[in-house]
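Participant: Dropping the structure in here first, questions after.
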Amino acid sequence: MSQVEWDSLEEAEDRPFNRTYMKRMLGYLRPHVRTLSIVAVIVVANMLLSLSEPVLIRYAIDKGMLEKNVSVIHVVGLSLLGIRLVSWGFGFFQIRLVNYTGQRILYGLRQQLFDHLQALSFRFFDGRPAGKIMSRITNDTNAIGELINGGLITLLMEFTHLIGIVVILLYWDWKLALMAFTVLPFLYLLVARFRPRIESAWSRSRKTMSAINGNVNETIQGVRVIQAFSREEANNERFRGINTTNKKAFMRAVSLEVMVWPLVELIGMLGTCLVVWYGSSRVIDGDLSVGFIVAFINYLWRFWGPLSALSKVYSQLLSAMASAERIFEILDTEPEIKDRPGARELPPIRGRVAFENVSFRYQPDKADVLHGLKVEVKPGQRVALVGPTGSGKSTIVNLIMRFYDPTSGRVTIDGTDLKDVTLSSLRSQMGIVLQDSFIFSGTIEENLLYGKKDATREDMLRAAKSVRVDEFVSRFPDGYATQVEERGSKLSIGQRQLLAFGRVLLADPKILILDEATSSVDTETEQHIQDALNTLLVGRTAFIIAHRLSTIRDADLILVIRDGRIAESGNHDELLRQGGTYANLYHNQFAMQESLALRAAGS
Ligand SMILES: Nc1ncnc2c1ncn2[C@@H]1O[C@H](COP(=O)(O)OP(=O)(O)OP(=O)(O)O)[C@@H](O)[C@H]1O
């Protein structure tokens, strides 16, 4: 089973009713108490109106039909019509108010989740698939919304109805009422037996739905790889599996429901039959009037409805509770990396970066990835990080950006521990360009201004020109206003790289981190990128996860990383003279790159 399927089946486990979550969820209603009180008044008024209908019918039969008084029938008829009209008006306001409040609560919850998500540290995202997180913001908030919009009102309405009916029936004729209620234990047994099954079937249906979402999300993200490997059929097979499970779970839930709810009605009917049988004999005896018995039965019909509705709301409540649990899990996750109390602003950076005996592991129960790193980089130095895959190069730059904190030791800038300064003052002076430059949907101009909203148009054009963005932008009919799709999918890899350079150049960071793209671009673009890079690096301390020989050779300091340690350090010539790992790497890998480059230049 894939991660996505496993996660969604595992975690959506519905838990039994949880009072703490319920209380916390009700906390979201607190700011809307006034509106909800109005709703409650409307609900009670509607309940009273609705419960007055059988009384009017009783009156119409006993005083109108049996005593042949037509004017009573006219009055009752008009009254019933009036009641329905007023109920309709009340219902309209009630639904509007509830939906309005529900939407405001959902809006706030979604916003709160979104804000919180952005503040969470990398470690949180490391362990969770994106599809799962997305489903929390959409599906789980919706489940809570449905509860507020539909469930809570049903609960309030049906509950008040039920109480009202029981009171009236007992008050009218307690013997007849108790006779009708003798079927209640059977109803209870039936519901108690089948409800858990229905709930678990619905729960399975929801879980498999979440697996479907995860699967679709993964497929969209990975569609290029899927098509490249012609995995469509195998993927379809996997999707068909989840889809079938979902269909079966849904069908099982529905079949149970269509079996149980008519049974509930049947048992209710039994209670009504008892009343008809016993009540009619009392009507014949002249003990009860016809209008009375008709009204009594009418109330009984209204009694079974709320009972099944309430039972369904309970399922809805459990499902919302599971959603609430997942939402609260996110909201309760404290960002690991945050400003410590009393953190100060980092003054303008000069650019000295030091690792003081830094060790780091990604998970507490896993082995160290970096071991006692010690290195000092002077302001303005260009540092190349080289080493085999998985050796720890990206981890080092993650620590400089303070995406993670070291497990032990300190990372300092100009002698200040990164943990002592505010994140915003640190990151606003740092820039990062990753291999796969993330371009946001919007215009090219918006993407360039991403790190410096207040830059003037002249600044923007200058930056774009110096990293050669203007050359390709000028070929677009809309120029800088050209819309680039999500992730910049309309741009070539080289163009995306240049745009990312422009974005970071405009932000003018003092420390720059760069993960050099490994993907091959044509020699001309390569040259453009090299030129742009040289412009970008002037006057900044730079850490480059380098793959190109030219970048490495130009570096002031090369750090060769092996198994989370600095195996060698020095400049190109020094390291070649040492004849160690770097020299080997150079002769085996980079020398070939160089001869290829020379050949390309000569051809
Ligand atoms: N988020 C993570 N959670 C757990 N382990 C991780 C995480 N990221 C990286 N690692 C592990 O840490 C080690 C160092 O990874 P890192 O990404 O720093 O290597 P790298 O030198 O940058 O590799 P590459 O050149 O392939 O990008 C690897 O063993 C990797 O499996």
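In the structure tokens, each chain is lettered A, B, ... as it comes, each chain's residues begin at 1, and ligands are numbered from 1 in order of appearance.
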Kindly compile the residues surrounding ligand 1 within 9 Å, counting only C-alpha atoms and all ligand atoms, and format them as an MDAnalysis selection string.
Facilitator: chainID A and resid 122:123 125:127 361:363 366 368:370 385:398 515 545 561:564
Participant: May I have the residues from that selection written out with N, CA and C atoms, as a short mmCIF file (atom, residue, chain, number, x, y, z; two decimals), in the first residue's frame?
Facilitator:
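Okay, selection-v7.cif is ready:
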data_model
loop_
_atom_site.label_atom_id
_atom_site.label_comp_id
_atom_site.auth_asym_id
_atom_site.auth_seq_id
_atom_site.Cartn_x
_atom_site.Cartn_y
_atom_site.Cartn_z
N PHE A 122 9.77 22.92 8.74
CA PHE A 122 9.96 21.90 7.70
C PHE A 122 9.68 20.49 8.22
N ARG A 123 10.07 20.27 9.48
CA ARG A 123 9.93 18.92 10.02
C ARG A 123 8.48 18.43 9.96
N PHE A 125 6.27 19.20 7.67
CA PHE A 125 5.94 18.83 6.28
C PHE A 125 6.71 17.59 5.83
N ASP A 126 7.89 17.37 6.47
CA ASP A 126 8.69 16.20 6.10
C ASP A 126 7.89 14.91 6.23
N GLY A 127 7.06 14.85 7.29
CA GLY A 127 6.40 13.58 7.57
C GLY A 127 4.99 13.46 7.05
N ARG A 361 20.46 15.90 13.42
CA ARG A 361 19.69 14.73 12.95
C ARG A 361 18.27 15.20 12.64
N TYR A 362 17.64 14.55 11.65
CA TYR A 362 16.30 14.98 11.25
C TYR A 362 15.25 14.52 12.24
N GLN A 363 15.40 13.27 12.70
CA GLN A 363 14.44 12.77 13.69
C GLN A 363 15.18 12.34 14.93
N LYS A 366 16.65 8.94 14.99
CA LYS A 366 17.50 8.52 13.87
C LYS A 366 18.94 8.96 14.11
N ASP A 368 22.68 10.74 13.50
CA ASP A 368 23.10 12.08 13.06
C ASP A 368 23.38 12.09 11.57
N VAL A 369 23.01 13.20 10.94
CA VAL A 369 23.28 13.38 9.51
C VAL A 369 24.52 14.27 9.35
N LEU A 370 24.71 15.18 10.30
CA LEU A 370 25.93 15.99 10.32
C LEU A 370 26.64 15.71 11.65
N LEU A 385 29.95 23.76 -1.97
CA LEU A 385 29.78 22.50 -1.22
C LEU A 385 29.74 21.38 -2.25
N VAL A 386 30.66 20.46 -2.14
CA VAL A 386 30.63 19.33 -3.07
C VAL A 386 30.68 18.03 -2.27
N GLY A 387 30.24 16.98 -2.89
CA GLY A 387 30.25 15.70 -2.19
C GLY A 387 29.19 14.79 -2.77
N PRO A 388 29.31 13.49 -2.46
CA PRO A 388 28.36 12.55 -3.04
C PRO A 388 26.93 12.79 -2.56
N THR A 389 25.99 12.19 -3.27
CA THR A 389 24.59 12.39 -2.91
C THR A 389 24.32 11.83 -1.51
N GLY A 390 23.50 12.56 -0.76
CA GLY A 390 23.16 12.12 0.60
C GLY A 390 24.24 12.43 1.62
N SER A 391 25.27 13.20 1.23
CA SER A 391 26.36 13.43 2.18
C SER A 391 26.01 14.52 3.19
N GLY A 392 25.04 15.38 2.89
CA GLY A 392 24.62 16.39 3.88
C GLY A 392 24.73 17.82 3.41
N LYS A 393 24.91 18.03 2.09
CA LYS A 393 25.07 19.41 1.59
C LYS A 393 23.80 20.25 1.80
N SER A 394 22.66 19.68 1.42
CA SER A 394 21.40 20.45 1.58
C SER A 394 21.12 20.67 3.06
N THR A 395 21.47 19.70 3.87
CA THR A 395 21.23 19.84 5.30
C THR A 395 22.01 21.04 5.84
N ILE A 396 23.23 21.22 5.37
CA ILE A 396 24.04 22.36 5.83
C ILE A 396 23.34 23.67 5.48
N VAL A 397 22.88 23.79 4.24
CA VAL A 397 22.24 25.06 3.88
C VAL A 397 20.90 25.24 4.62
N ASN A 398 20.22 24.13 4.92
CA ASN A 398 18.98 24.23 5.71
C ASN A 398 19.25 24.82 7.08
N ASP A 515 21.42 26.28 -4.90
CA ASP A 515 21.58 24.88 -5.26
C ASP A 515 21.64 24.85 -6.78
N ILE A 545 25.71 24.79 -3.58
CA ILE A 545 25.81 23.34 -3.75
C ILE A 545 26.14 23.19 -5.23
N ILE A 561 32.13 17.45 1.34
CA ILE A 561 31.34 16.83 2.40
C ILE A 561 31.25 15.33 2.13
N ARG A 562 31.54 14.55 3.16
CA ARG A 562 31.39 13.10 3.02
C ARG A 562 30.80 12.55 4.32
N ASP A 563 29.73 11.82 4.21
CA ASP A 563 29.06 11.24 5.39
C ASP A 563 28.85 12.25 6.51
N GLY A 564 28.41 13.43 6.17
CA GLY A 564 28.06 14.43 7.20
C GLY A 564 29.26 15.08 7.86
#
Participant: Could you produce a table of the residues of segment 30-88 of chain A lying within 10 Å of segment 98-101 of chain A, with the nearest pair of atoms per residue and their separation in Å rounded to one decimal, using only C-alpha atoms, ordered by chain and increasing residue number, as JSON lines?
Facilitator:
{"residue": "A:Pro31", "atom": "CA", "partner": "A:Thr101", "partner_atom": "CA", "distance": 9.8}
{"residue": "A:His32", "atom": "CA", "partner": "A:Thr101", "partner_atom": "CA", "distance": 7.0}
{"residue": "A:Val33", "atom": "CA", "partner": "A:Thr101", "partner_atom": "CA", "distance": 9.9}
{"residue": "A:Thr35", "atom": "CA", "partner": "A:Thr101", "partner_atom": "CA", "distance": 7.6}
{"residue": "A:Leu36", "atom": "CA", "partner": "A:Val98", "partner_atom": "CA", "distance": 7.5}
{"residue": "A:Ile38", "atom": "CA", "partner": "A:Val98", "partner_atom": "CA", "distance": 10.0}
{"residue": "A:Val39", "atom": "CA", "partner": "A:Val98", "partner_atom": "CA", "distance": 7.3}
Participant: Could you write out that same residue set with N, CA and C atoms as a compact mmCIF listing (two decimals), in the first residue's frame?
Facilitator:
# COMPACT_ATOMS: atom_id res chain seq x y z
N PRO A 31 -18.41 33.39 19.85
CA PRO A 31 -18.55 34.77 19.38
C PRO A 31 -19.88 35.04 18.69
N HIS A 32 -20.62 33.98 18.37
CA HIS A 32 -21.86 34.18 17.62
C HIS A 32 -23.08 33.90 18.48
N VAL A 33 -22.88 33.99 19.81
CA VAL A 33 -23.96 33.60 20.72
C VAL A 33 -25.24 34.39 20.45
N THR A 35 -26.43 35.80 17.64
CA THR A 35 -27.15 35.32 16.45
C THR A 35 -27.77 33.95 16.74
N LEU A 36 -26.99 33.10 17.41
CA LEU A 36 -27.50 31.75 17.66
C LEU A 36 -28.68 31.78 18.64
N ILE A 38 -30.92 34.11 18.68
CA ILE A 38 -32.08 34.44 17.83
C ILE A 38 -32.56 33.18 17.12
N VAL A 39 -31.58 32.38 16.62
CA VAL A 39 -31.95 31.14 15.94
C VAL A 39 -32.72 30.23 16.89
Participant: Atom CA of Met134 of chain A and atom CA of Pro335 of chain A are how many Å apart?
Facilitator: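 Computing the Euclidean distance for atom CA of Met134 of chain A and atom CA of Pro335 of chain A yields 18.1 Å.
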Participant: Could you give me, as a PyMOL selection string, the residues within 8 Å of segment 569-572 of chain A, counting only C-alpha atoms and dropping anything in the same chain fewer than 3 positions from it?
Facilitator: chain A and resi 552-560+566+575-576
Participant: Export, as an mmCIF file, in the first residue's frame, the selected residues with N, CA and C atoms.
Facilitator:
data_model
loop_
_atom_site.group_PDB
_atom_site.id
_atom_site.type_symbol
_atom_site.label_atom_id
_atom_site.label_comp_id
_atom_site.auth_asym_id
_atom_site.auth_seq_id
_atom_site.Cartn_x
_atom_site.Cartn_y
_atom_site.Cartn_z
ATOM 1 N N ILE A 552 32.822 25.661 -9.145
ATOM 2 C CA ILE A 552 33.664 25.135 -8.063
ATOM 3 C C ILE A 552 35.055 25.774 -8.127
ATOM 4 N N ARG A 553 35.565 25.875 -9.349
ATOM 5 C CA ARG A 553 36.931 26.389 -9.497
ATOM 6 C C ARG A 553 37.015 27.853 -9.066
ATOM 7 N N ASP A 554 35.927 28.587 -9.308
ATOM 8 C CA ASP A 554 35.935 30.008 -8.938
ATOM 9 C C ASP A 554 35.707 30.240 -7.456
ATOM 10 N N ALA A 555 35.358 29.179 -6.706
ATOM 11 C CA ALA A 555 35.003 29.367 -5.291
ATOM 12 C C ALA A 555 36.250 29.713 -4.477
ATOM 13 N N ASP A 556 36.034 30.553 -3.430
ATOM 14 C CA ASP A 556 37.158 30.878 -2.539
ATOM 15 C C ASP A 556 37.453 29.701 -1.618
ATOM 16 N N LEU A 557 36.366 28.984 -1.307
ATOM 17 C CA LEU A 557 36.526 27.855 -0.384
ATOM 18 C C LEU A 557 35.678 26.700 -0.883
ATOM 19 N N ILE A 558 36.305 25.545 -1.003
ATOM 20 C CA ILE A 558 35.531 24.359 -1.394
ATOM 21 C C ILE A 558 35.447 23.459 -0.169
ATOM 22 N N LEU A 559 34.240 23.075 0.197
ATOM 23 C CA LEU A 559 34.091 22.141 1.312
ATOM 24 C C LEU A 559 33.659 20.807 0.713
ATOM 25 N N VAL A 560 34.474 19.812 0.901
ATOM 26 C CA VAL A 560 34.094 18.489 0.403
ATOM 27 C C VAL A 560 33.401 17.761 1.548
ATOM 28 N N ILE A 566 33.133 17.360 7.161
ATOM 29 C CA ILE A 566 33.924 18.062 6.150
ATOM 30 C C ILE A 566 35.184 17.243 5.945
ATOM 31 N N LEU A 575 43.312 21.876 -3.011
ATOM 32 C CA LEU A 575 42.719 20.541 -2.892
ATOM 33 C C LEU A 575 43.290 19.580 -3.937
ATOM 34 N N LEU A 576 43.586 20.109 -5.102
ATOM 35 C CA LEU A 576 44.191 19.238 -6.121
ATOM 36 C C LEU A 576 45.556 18.766 -5.658
#
Participant: Taking only segment 197-415 of chain A into account, list the residues labelled strand (DSSP E) by DSSP (computed from the backbone), as a PyMOL selection string.
Facilitator: chain A and resi 353-360+370-377+382-386+408-413
